[in-house]
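Shown next, in structure tokens, is the structure this report addresses.
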Amino acid sequence: MAWEEAFQEAGEKLRGLLKEIKRVIVGQDRLLERMLVALLARGHLLIEGVPGLAKTLAVKTLSQALGGTFKRIQFTPDLVPADLLGTRVYNPKEGEFRTELGPIFAHLLLADEINRAPAKVQSALLEAMQERQVTIGKETYPLPDPFLVLATQNPIESEGTYPLPEAQLDRFLLKVVVDYPAFHEELRIVERMTAGEEIRVAKVLPLEELLAISRLADRVYVHPKVAEYAVALVQATRDLEGAGLRDLKPFVAYGASPRASLALVQGAKSLALLRGRAHALPEEVRDLYLDALRHRLVLSYQALAEGVRAESVLEAILKRFPPPFVPFHDPHGDARSPFGPAGA
């Protein structure tokens with residue numbers, strides 16, 4: 001099979017996975033696409049939206065279509081790390097301790113209303129997200145592969161919540177804001193639910209195939225101009241005056257970290273593969289820019305007082321930096337082609 005055909009076939013399988021999920025989920029195309037991008041890039045996803053927008057159902061449906069394990073944890077202020085990770089339990093019959101693993105040991109973990117958990121629980125989850133392992137007592141247990149945390153936040157409630165630390169927010173590859181469905185989408189939801197319509201999800205992409213496809217995503221070619229474009233967009237958040245956006249400088253206390261550049265490039269590679277290509281384009285970087293950076297900007301008190309949102313700053317930067325022209329030629333194994341090293 002030719003190198004380009006392997007990427008096209010992987011893209012078709014991923015789109016088939018999306019099609020199967022969309023048999024259950026009405027609308028939410030952006031959320032479903034970003035879930036696959038995070039899965040392929042081995043990142044984690046933060047989802048913000050009001051209750052009732054099928055966030056839990058979307059994650060559960062994805063796990064069924066992959067044949068993976070799915071666990072949901074409702075985060076509350078009285079949660080302790082052992083409720084998430086597991087603990088050691090004494091067995092009086094055998095006179096010894098045994099380890100009971102917690103619900104975090106799943107391929108897809110839905111951390112519902114993550115900002116309701118206290119700092120100790122959030123730090124325990126942070127170690128698992130970053131190291132992909134859990135330490136209980138003196139033993140270390142690896143988490144399943146793939147392991148994806150999808151955490152939700154409710155934007156309309158603040159009582160009894162704990163704002164996520166910047167270090168933890170930075171560990172999320174993307175943050176997706178889920179909006180209300182359109183009229184025709186909501187009508188379809190009502191018709192389906194009132195009719196008692198039940199759709200069974202088929203296992204269309206086994207986990208073994210998904211892991212192979214994610215390794216293929218690592219080999220998607222990123223032209224130097226695409227990488228430079230991603231870094232320039234991120235650096236502009238730290239130097240708004242240098243980017244020609246002096247009026248926005250008072251609204252940003254701290255710009256995005258280098259993790260944002262990594263998230264943009266890794267996400268662009270995954271999104272390109274989902275679209276069936278062996279190379280990432282500047283359009284992928286632009287498409288993911290808001291989702292990759294909206295949670296990484298630290299706004300000033302002036303921005304909060306004047307109601308300036310992170311998205312407004314990011315959209316202004318996008319207008320200031322048009323995508324570069326990236327020449328691609330002969331993507332079929334020519335040694336002079338940019339695809340040669342990736343396929344080597």
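Each chain of the structure tokens is named A, B, ... in the order shown, its residues numbered from 1; ligands are numbered from 1 in display order.
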
(request) Skip range 61-70 of chain A itself and residues of its chain fewer than 2 positions away, then list as a count of residues only all residues within 10 Å of it, counting only C-alpha atoms. (result) 40

(request) Fewer than 4 positions away in the same chain doesn't count, so skip those; otherwise give me all residues within 12 Å of range 74-79 of chain A, counting only C-alpha atoms, as a PyMOL selection string. (result) chain A and resi 56+83-85+103+109-122+124-125+151-154+159-162

For the residues in the current selection, export N, CA and C atoms as a CSV table (one decimal), in the first residue's frame.
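File written: part.csv
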```csv
chain,number,residue,atom,x,y,z
A,56,THR,N,-22.1,13.6,28.4
A,56,THR,CA,-21.9,12.2,29.0
A,56,THR,C,-22.2,11.2,27.9
A,83,ASP,N,-11.1,7.8,46.3
A,83,ASP,CA,-12.4,7.5,45.5
A,83,ASP,C,-12.1,7.5,44.0
A,84,LEU,N,-11.0,8.2,43.6
A,84,LEU,CA,-10.7,8.2,42.2
A,84,LEU,C,-9.6,7.2,41.8
A,85,LEU,N,-8.6,7.1,42.6
A,85,LEU,CA,-7.4,6.2,42.3
A,85,LEU,C,-7.6,4.8,42.8
A,103,PRO,N,-12.0,3.9,39.8
A,103,PRO,CA,-12.6,4.1,38.5
A,103,PRO,C,-11.7,4.8,37.5
A,109,LEU,N,-12.4,8.3,30.6
A,109,LEU,CA,-12.8,8.7,32.0
A,109,LEU,C,-13.6,10.1,31.9
A,110,LEU,N,-14.8,10.1,32.3
A,110,LEU,CA,-15.6,11.3,32.3
A,110,LEU,C,-15.5,11.9,33.7
A,111,ALA,N,-14.8,13.0,33.9
A,111,ALA,CA,-14.7,13.7,35.1
A,111,ALA,C,-15.8,14.8,35.1
A,112,ASP,N,-17.0,14.5,35.6
A,112,ASP,CA,-18.1,15.4,35.6
A,112,ASP,C,-18.0,16.5,36.6
A,113,GLU,N,-18.1,17.7,36.1
A,113,GLU,CA,-18.0,18.9,37.0
A,113,GLU,C,-16.7,18.9,37.8
A,114,ILE,N,-15.6,18.8,37.1
A,114,ILE,CA,-14.3,18.6,37.7
A,114,ILE,C,-14.0,19.8,38.7
A,115,ASN,N,-14.5,21.0,38.5
A,115,ASN,CA,-14.2,22.1,39.3
A,115,ASN,C,-14.9,22.1,40.7
A,116,ARG,N,-15.7,21.0,40.9
A,116,ARG,CA,-16.3,20.8,42.3
A,116,ARG,C,-15.4,20.0,43.2
A,117,ALA,N,-14.3,19.5,42.7
A,117,ALA,CA,-13.5,18.7,43.6
A,117,ALA,C,-12.4,19.5,44.2
A,118,PRO,N,-12.0,19.2,45.5
A,118,PRO,CA,-11.0,20.0,46.2
A,118,PRO,C,-9.6,19.7,45.6
A,119,ALA,N,-8.6,20.5,46.1
A,119,ALA,CA,-7.3,20.5,45.5
A,119,ALA,C,-6.6,19.2,45.5
A,120,LYS,N,-6.8,18.4,46.6
A,120,LYS,CA,-6.1,17.1,46.7
A,120,LYS,C,-6.6,16.1,45.6
A,121,VAL,N,-7.8,16.2,45.2
A,121,VAL,CA,-8.4,15.3,44.2
A,121,VAL,C,-7.9,15.8,42.8
A,122,GLN,N,-7.9,17.1,42.6
A,122,GLN,CA,-7.4,17.6,41.4
A,122,GLN,C,-5.9,17.3,41.1
A,124,ALA,N,-4.3,14.7,42.4
A,124,ALA,CA,-4.2,13.3,42.1
A,124,ALA,C,-4.5,13.0,40.6
A,125,LEU,N,-5.6,13.7,40.1
A,125,LEU,CA,-5.9,13.5,38.7
A,125,LEU,C,-4.8,14.1,37.8
A,151,ALA,N,-13.2,16.1,30.9
A,151,ALA,CA,-13.7,16.8,32.1
A,151,ALA,C,-14.7,17.8,31.7
A,152,THR,N,-15.8,17.9,32.5
A,152,THR,CA,-16.8,18.9,32.2
A,152,THR,C,-16.8,20.0,33.2
A,153,GLN,N,-17.2,21.2,32.8
A,153,GLN,CA,-17.4,22.3,33.7
A,153,GLN,C,-18.7,22.9,33.4
A,154,ASN,N,-19.4,23.4,34.5
A,154,ASN,CA,-20.7,24.1,34.3
A,154,ASN,C,-20.4,25.6,34.4
A,159,GLU,N,-21.0,28.5,43.1
A,159,GLU,CA,-21.1,28.2,44.5
A,159,GLU,C,-20.7,26.7,44.7
A,160,GLY,N,-19.7,26.5,45.6
A,160,GLY,CA,-19.2,25.2,45.9
A,160,GLY,C,-18.3,24.7,44.9
A,161,THR,N,-17.6,25.5,44.1
A,161,THR,CA,-16.7,25.1,43.1
A,161,THR,C,-15.3,25.6,43.5
A,162,TYR,N,-14.3,24.9,42.9
A,162,TYR,CA,-12.9,25.2,43.1
A,162,TYR,C,-12.2,25.5,41.7
```

(request) Tell me, in Å to one decimal, how far CA of Arg286 in chain A is from CA of Glu228 in chain A. (result) 12.8 Å

(message) Which of range 249-321 of chain A end up as helix (DSSP H, G or I) when DSSP is run on this backbone - answer as number ranges by chain?
(response) A: 249-251, 258-274, 282-293, 301-306, 310-320

Would you output that residue set with C-alpha atoms, as a compact mmCIF listing (two decimals), in the first residue's frame?
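Result file part-v5.txt:
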```txt
# COMPACT_ATOMS: atom_id res chain seq x y z
CA LYS A 249 -2.35 44.34 26.11
CA PRO A 250 -4.07 45.54 29.35
CA PHE A 251 -6.49 42.61 29.15
CA PRO A 258 4.93 26.50 25.06
CA ARG A 259 2.48 23.67 25.77
CA ALA A 260 0.04 25.65 23.63
CA SER A 261 2.40 25.44 20.64
CA LEU A 262 2.76 21.70 21.18
CA ALA A 263 -1.01 21.31 21.46
CA LEU A 264 -1.54 23.22 18.21
CA VAL A 265 0.96 21.14 16.25
CA GLN A 266 -0.06 17.78 17.74
CA GLY A 267 -3.74 18.62 17.26
CA ALA A 268 -3.14 19.77 13.68
CA LYS A 269 -1.47 16.43 12.87
CA SER A 270 -4.42 14.49 14.28
CA LEU A 271 -6.97 16.70 12.53
CA ALA A 272 -5.11 16.29 9.22
CA LEU A 273 -5.21 12.50 9.60
CA LEU A 274 -8.91 12.65 10.41
CA PRO A 282 -2.16 26.05 8.35
CA GLU A 283 -5.97 25.68 8.23
CA GLU A 284 -5.76 22.92 10.85
CA VAL A 285 -3.82 25.25 13.14
CA ARG A 286 -6.43 28.00 12.69
CA ASP A 287 -9.31 25.58 13.25
CA LEU A 288 -7.87 24.46 16.61
CA TYR A 289 -6.52 27.82 17.78
CA LEU A 290 -9.44 28.86 19.99
CA ASP A 291 -9.84 25.40 21.51
CA ALA A 292 -6.11 25.05 22.20
CA LEU A 293 -5.63 28.47 23.82
CA TYR A 301 -8.78 42.15 36.35
CA GLN A 302 -9.45 44.88 33.80
CA ALA A 303 -10.59 42.26 31.28
CA LEU A 304 -12.92 40.71 33.85
CA ALA A 305 -14.30 44.14 34.78
CA GLU A 306 -14.94 45.10 31.16
CA ALA A 310 -10.24 35.17 25.91
CA GLU A 311 -11.92 34.36 22.59
CA SER A 312 -12.02 38.05 21.68
CA VAL A 313 -8.27 38.36 22.14
CA LEU A 314 -7.57 35.17 20.19
CA GLU A 315 -9.83 36.13 17.29
CA ALA A 316 -8.03 39.47 17.03
CA ILE A 317 -4.70 37.63 16.83
CA LEU A 318 -6.03 35.33 14.10
CA LYS A 319 -7.05 38.35 12.02
CA ARG A 320 -3.58 39.82 12.51
```

(message) I need the strand (DSSP E) residues of range 101-210 of chain A per DSSP on the backbone, written as an MDAnalysis selection string.
(response) chainID A and resid 101 108:112 133:136 139:142 148:153 174:177

Those residues with N, CA and C atoms, as a PDB file, in the first residue's frame please?
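Ended up saving to out.pdb:
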```pdb
ATOM      1  N   LEU A 101      -8.409  -1.133  42.828  1.00  0.00           N
ATOM      2  CA  LEU A 101      -8.192  -0.047  41.871  1.00  0.00           C
ATOM      3  C   LEU A 101      -9.456   0.782  41.707  1.00  0.00           C
ATOM      4  N   LEU A 108     -11.679   5.599  28.733  1.00  0.00           N
ATOM      5  CA  LEU A 108     -12.295   6.920  28.681  1.00  0.00           C
ATOM      6  C   LEU A 108     -12.864   7.248  30.054  1.00  0.00           C
ATOM      7  N   LEU A 109     -12.386   8.329  30.645  1.00  0.00           N
ATOM      8  CA  LEU A 109     -12.838   8.733  31.971  1.00  0.00           C
ATOM      9  C   LEU A 109     -13.550  10.075  31.863  1.00  0.00           C
ATOM     10  N   LEU A 110     -14.821  10.091  32.257  1.00  0.00           N
ATOM     11  CA  LEU A 110     -15.577  11.336  32.283  1.00  0.00           C
ATOM     12  C   LEU A 110     -15.530  11.905  33.695  1.00  0.00           C
ATOM     13  N   ALA A 111     -14.817  13.008  33.854  1.00  0.00           N
ATOM     14  CA  ALA A 111     -14.737  13.704  35.145  1.00  0.00           C
ATOM     15  C   ALA A 111     -15.794  14.795  35.146  1.00  0.00           C
ATOM     16  N   ASP A 112     -16.979  14.460  35.645  1.00  0.00           N
ATOM     17  CA  ASP A 112     -18.119  15.363  35.552  1.00  0.00           C
ATOM     18  C   ASP A 112     -18.022  16.462  36.604  1.00  0.00           C
ATOM     19  N   GLN A 133      -0.039   7.104  35.017  1.00  0.00           N
ATOM     20  CA  GLN A 133       0.149   6.048  36.005  1.00  0.00           C
ATOM     21  C   GLN A 133      -0.389   6.542  37.346  1.00  0.00           C
ATOM     22  N   VAL A 134      -0.640   5.589  38.239  1.00  0.00           N
ATOM     23  CA  VAL A 134      -1.191   5.898  39.557  1.00  0.00           C
ATOM     24  C   VAL A 134      -0.360   5.187  40.605  1.00  0.00           C
ATOM     25  N   THR A 135      -0.038   5.888  41.685  1.00  0.00           N
ATOM     26  CA  THR A 135       0.712   5.296  42.785  1.00  0.00           C
ATOM     27  C   THR A 135      -0.216   5.111  43.976  1.00  0.00           C
ATOM     28  N   ILE A 136      -0.343   3.841  44.439  1.00  0.00           N
ATOM     29  CA  ILE A 136      -1.146   3.509  45.611  1.00  0.00           C
ATOM     30  C   ILE A 136      -0.233   2.787  46.592  1.00  0.00           C
ATOM     31  N   GLU A 139       3.179   0.899  45.438  1.00  0.00           N
ATOM     32  CA  GLU A 139       3.079   0.311  44.110  1.00  0.00           C
ATOM     33  C   GLU A 139       2.610   1.351  43.090  1.00  0.00           C
ATOM     34  N   THR A 140       3.148   1.215  41.883  1.00  0.00           N
ATOM     35  CA  THR A 140       2.753   2.082  40.781  1.00  0.00           C
ATOM     36  C   THR A 140       2.029   1.246  39.729  1.00  0.00           C
ATOM     37  N   TYR A 141       0.880   1.718  39.294  1.00  0.00           N
ATOM     38  CA  TYR A 141       0.053   0.968  38.350  1.00  0.00           C
ATOM     39  C   TYR A 141      -0.132   1.794  37.074  1.00  0.00           C
ATOM     40  N   PRO A 142       0.238   1.230  35.918  1.00  0.00           N
ATOM     41  CA  PRO A 142       0.034   1.974  34.666  1.00  0.00           C
ATOM     42  C   PRO A 142      -1.446   2.032  34.299  1.00  0.00           C
ATOM     43  N   LEU A 148      -7.932   8.601  28.133  1.00  0.00           N
ATOM     44  CA  LEU A 148      -8.388   9.941  27.797  1.00  0.00           C
ATOM     45  C   LEU A 148      -9.314  10.452  28.891  1.00  0.00           C
ATOM     46  N   VAL A 149      -8.959  11.613  29.452  1.00  0.00           N
ATOM     47  CA  VAL A 149      -9.806  12.275  30.445  1.00  0.00           C
ATOM     48  C   VAL A 149     -10.632  13.337  29.733  1.00  0.00           C
ATOM     49  N   LEU A 150     -11.938  13.233  29.877  1.00  0.00           N
ATOM     50  CA  LEU A 150     -12.843  14.260  29.365  1.00  0.00           C
ATOM     51  C   LEU A 150     -13.536  14.874  30.580  1.00  0.00           C
ATOM     52  N   ALA A 151     -13.157  16.090  30.896  1.00  0.00           N
ATOM     53  CA  ALA A 151     -13.656  16.753  32.090  1.00  0.00           C
ATOM     54  C   ALA A 151     -14.669  17.816  31.699  1.00  0.00           C
ATOM     55  N   THR A 152     -15.757  17.916  32.463  1.00  0.00           N
ATOM     56  CA  THR A 152     -16.785  18.911  32.171  1.00  0.00           C
ATOM     57  C   THR A 152     -16.811  19.980  33.245  1.00  0.00           C
ATOM     58  N   GLN A 153     -17.210  21.178  32.830  1.00  0.00           N
ATOM     59  CA  GLN A 153     -17.399  22.303  33.734  1.00  0.00           C
ATOM     60  C   GLN A 153     -18.739  22.947  33.437  1.00  0.00           C
ATOM     61  N   LEU A 174      -7.132  20.484  24.736  1.00  0.00           N
ATOM     62  CA  LEU A 174      -8.125  21.382  24.159  1.00  0.00           C
ATOM     63  C   LEU A 174      -9.223  21.670  25.183  1.00  0.00           C
ATOM     64  N   LYS A 175      -9.852  22.822  25.024  1.00  0.00           N
ATOM     65  CA  LYS A 175     -11.070  23.139  25.769  1.00  0.00           C
ATOM     66  C   LYS A 175     -12.154  23.496  24.766  1.00  0.00           C
ATOM     67  N   VAL A 176     -13.229  22.725  24.793  1.00  0.00           N
ATOM     68  CA  VAL A 176     -14.329  22.928  23.853  1.00  0.00           C
ATOM     69  C   VAL A 176     -15.510  23.520  24.603  1.00  0.00           C
ATOM     70  N   VAL A 177     -16.085  24.576  24.054  1.00  0.00           N
ATOM     71  CA  VAL A 177     -17.292  25.175  24.615  1.00  0.00           C
ATOM     72  C   VAL A 177     -18.483  24.646  23.828  1.00  0.00           C
TER      73      VAL A 177
END
```

Residues within 7 Å of range 167-170 of chain A, please, as a PDB file with C-alpha atoms, in the first residue's frame. Count only C-alpha atoms; anything in the same chain fewer than 6 positions from it doesn't count.
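Okay, this is what ended up in out17.pdb:
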```pdb
ATOM      1  CA  LEU A 126      -3.151  15.764  37.405  1.00  0.00           C
ATOM      2  CA  HIS A 295      -8.027  28.000  28.706  1.00  0.00           C
ATOM      3  CA  ARG A 296      -4.361  28.966  28.685  1.00  0.00           C
TER       4      ARG A 296
END
```

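CA of Ile189 in chain A sits 11.3 Å away from CA of Gly52 in chain A.
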
If we count only C-alpha atoms, what is near Arg188 in chain A at a cut-off of 12 Å, once residues fewer than 2 positions away on the same chain are taken out, given as a PDB file with N, CA and C atoms, in the first residue's frame?
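Result file is around-v2.pdb:
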```pdb
ATOM      1  N   ARG A  23     -24.939   8.571  14.769  1.00  0.00           N
ATOM      2  CA  ARG A  23     -26.223   7.887  14.745  1.00  0.00           C
ATOM      3  C   ARG A  23     -26.955   8.056  16.071  1.00  0.00           C
ATOM      4  N   VAL A  24     -26.187   8.292  17.132  1.00  0.00           N
ATOM      5  CA  VAL A  24     -26.757   8.469  18.465  1.00  0.00           C
ATOM      6  C   VAL A  24     -26.813   9.942  18.856  1.00  0.00           C
ATOM      7  N   ILE A  25     -25.735  10.669  18.602  1.00  0.00           N
ATOM      8  CA  ILE A  25     -25.631  12.060  19.024  1.00  0.00           C
ATOM      9  C   ILE A  25     -26.132  12.975  17.912  1.00  0.00           C
ATOM     10  N   VAL A  26     -27.083  13.825  18.230  1.00  0.00           N
ATOM     11  CA  VAL A  26     -27.614  14.790  17.269  1.00  0.00           C
ATOM     12  C   VAL A  26     -26.826  16.090  17.410  1.00  0.00           C
ATOM     13  N   GLY A  27     -26.213  16.541  16.305  1.00  0.00           N
ATOM     14  CA  GLY A  27     -25.406  17.758  16.353  1.00  0.00           C
ATOM     15  C   GLY A  27     -24.089  17.527  17.069  1.00  0.00           C
ATOM     16  N   PRO A 181     -28.174  23.285  21.053  1.00  0.00           N
ATOM     17  CA  PRO A 181     -28.422  22.791  19.695  1.00  0.00           C
ATOM     18  C   PRO A 181     -29.266  23.764  18.892  1.00  0.00           C
ATOM     19  N   ALA A 182     -29.156  23.666  17.562  1.00  0.00           N
ATOM     20  CA  ALA A 182     -30.002  24.460  16.681  1.00  0.00           C
ATOM     21  C   ALA A 182     -31.449  23.956  16.758  1.00  0.00           C
ATOM     22  N   PHE A 183     -32.370  24.726  16.197  1.00  0.00           N
ATOM     23  CA  PHE A 183     -33.794  24.379  16.298  1.00  0.00           C
ATOM     24  C   PHE A 183     -34.084  22.985  15.743  1.00  0.00           C
ATOM     25  N   HIS A 184     -33.596  22.716  14.520  1.00  0.00           N
ATOM     26  CA  HIS A 184     -33.896  21.419  13.897  1.00  0.00           C
ATOM     27  C   HIS A 184     -33.226  20.270  14.639  1.00  0.00           C
ATOM     28  N   GLU A 185     -32.072  20.530  15.264  1.00  0.00           N
ATOM     29  CA  GLU A 185     -31.391  19.494  16.041  1.00  0.00           C
ATOM     30  C   GLU A 185     -32.162  19.185  17.319  1.00  0.00           C
ATOM     31  N   GLU A 186     -32.621  20.228  17.992  1.00  0.00           N
ATOM     32  CA  GLU A 186     -33.388  20.011  19.219  1.00  0.00           C
ATOM     33  C   GLU A 186     -34.721  19.322  18.923  1.00  0.00           C
ATOM     34  N   VAL A 190     -36.035  15.754  20.533  1.00  0.00           N
ATOM     35  CA  VAL A 190     -37.347  15.577  21.165  1.00  0.00           C
ATOM     36  C   VAL A 190     -38.100  14.426  20.513  1.00  0.00           C
ATOM     37  N   GLU A 191     -38.087  14.372  19.174  1.00  0.00           N
ATOM     38  CA  GLU A 191     -38.797  13.307  18.462  1.00  0.00           C
ATOM     39  C   GLU A 191     -38.230  11.938  18.813  1.00  0.00           C
ATOM     40  N   ARG A 192     -36.900  11.869  18.883  1.00  0.00           N
ATOM     41  CA  ARG A 192     -36.261  10.582  19.159  1.00  0.00           C
ATOM     42  C   ARG A 192     -36.545  10.114  20.588  1.00  0.00           C
ATOM     43  N   MET A 193     -36.425  11.021  21.552  1.00  0.00           N
ATOM     44  CA  MET A 193     -36.591  10.635  22.950  1.00  0.00           C
ATOM     45  C   MET A 193     -38.048  10.325  23.289  1.00  0.00           C
ATOM     46  N   THR A 194     -38.996  11.111  22.745  1.00  0.00           N
ATOM     47  CA  THR A 194     -40.408  10.867  23.050  1.00  0.00           C
ATOM     48  C   THR A 194     -40.935   9.611  22.367  1.00  0.00           C
ATOM     49  N   ALA A 195     -40.294   9.219  21.274  1.00  0.00           N
ATOM     50  CA  ALA A 195     -40.714   8.001  20.576  1.00  0.00           C
ATOM     51  C   ALA A 195     -40.066   6.758  21.171  1.00  0.00           C
ATOM     52  N   GLU A 197     -37.019   5.874  20.838  1.00  0.00           N
ATOM     53  CA  GLU A 197     -36.117   5.305  19.831  1.00  0.00           C
ATOM     54  C   GLU A 197     -34.773   4.957  20.476  1.00  0.00           C
TER      55      GLU A 197
END
```

(message) Between CA of Val220 in chain A and CA of Phe7 in chain A, what distance in Å does the model show, to one decimal?
(response) 8.6 Å

(request) Between A:Glu127, A:Glu241, A:Glu33, A:Glu48, single out the one closest to Leu14 in chain A, counting only C-alpha atoms. (result)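 Counting only C-alpha atoms, the residue closest to Leu14 in chain A is A:Glu33.
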
(message) I'd like the neighbourhood of Val50 in chain A as a VMD selection string, where a residue qualifies if any of its atoms comes within 9 Å (using only C-alpha atoms), though same-chain residues fewer than 4 positions away should be ignored.
(response) chain A and resid 153 to 156 178 to 180

Please produce a file of the residues just selected, as a short mmCIF file (atom, residue, chain, number, x, y, z; two decimals), in the first residue's frame, where the atoms kept are N, CA and C atoms.
```cif
data_model
loop_
_atom_site.label_atom_id
_atom_site.label_comp_id
_atom_site.auth_asym_id
_atom_site.auth_seq_id
_atom_site.Cartn_x
_atom_site.Cartn_y
_atom_site.Cartn_z
N GLN A 153 -17.21 21.18 32.83
CA GLN A 153 -17.40 22.30 33.73
C GLN A 153 -18.74 22.95 33.44
N ASN A 154 -19.42 23.36 34.48
CA ASN A 154 -20.68 24.06 34.33
C ASN A 154 -20.42 25.56 34.44
N PRO A 155 -20.63 26.34 33.37
CA PRO A 155 -20.26 27.77 33.41
C PRO A 155 -21.25 28.65 34.15
N ILE A 156 -22.40 28.12 34.55
CA ILE A 156 -23.41 28.99 35.15
C ILE A 156 -23.49 28.86 36.66
N VAL A 178 -19.37 23.94 24.53
CA VAL A 178 -20.53 23.31 23.88
C VAL A 178 -21.73 24.24 24.00
N ASP A 179 -22.33 24.56 22.87
CA ASP A 179 -23.46 25.48 22.85
C ASP A 179 -24.77 24.72 22.73
N TYR A 180 -25.87 25.44 22.84
CA TYR A 180 -27.19 24.84 22.69
C TYR A 180 -27.38 24.33 21.25
#
```
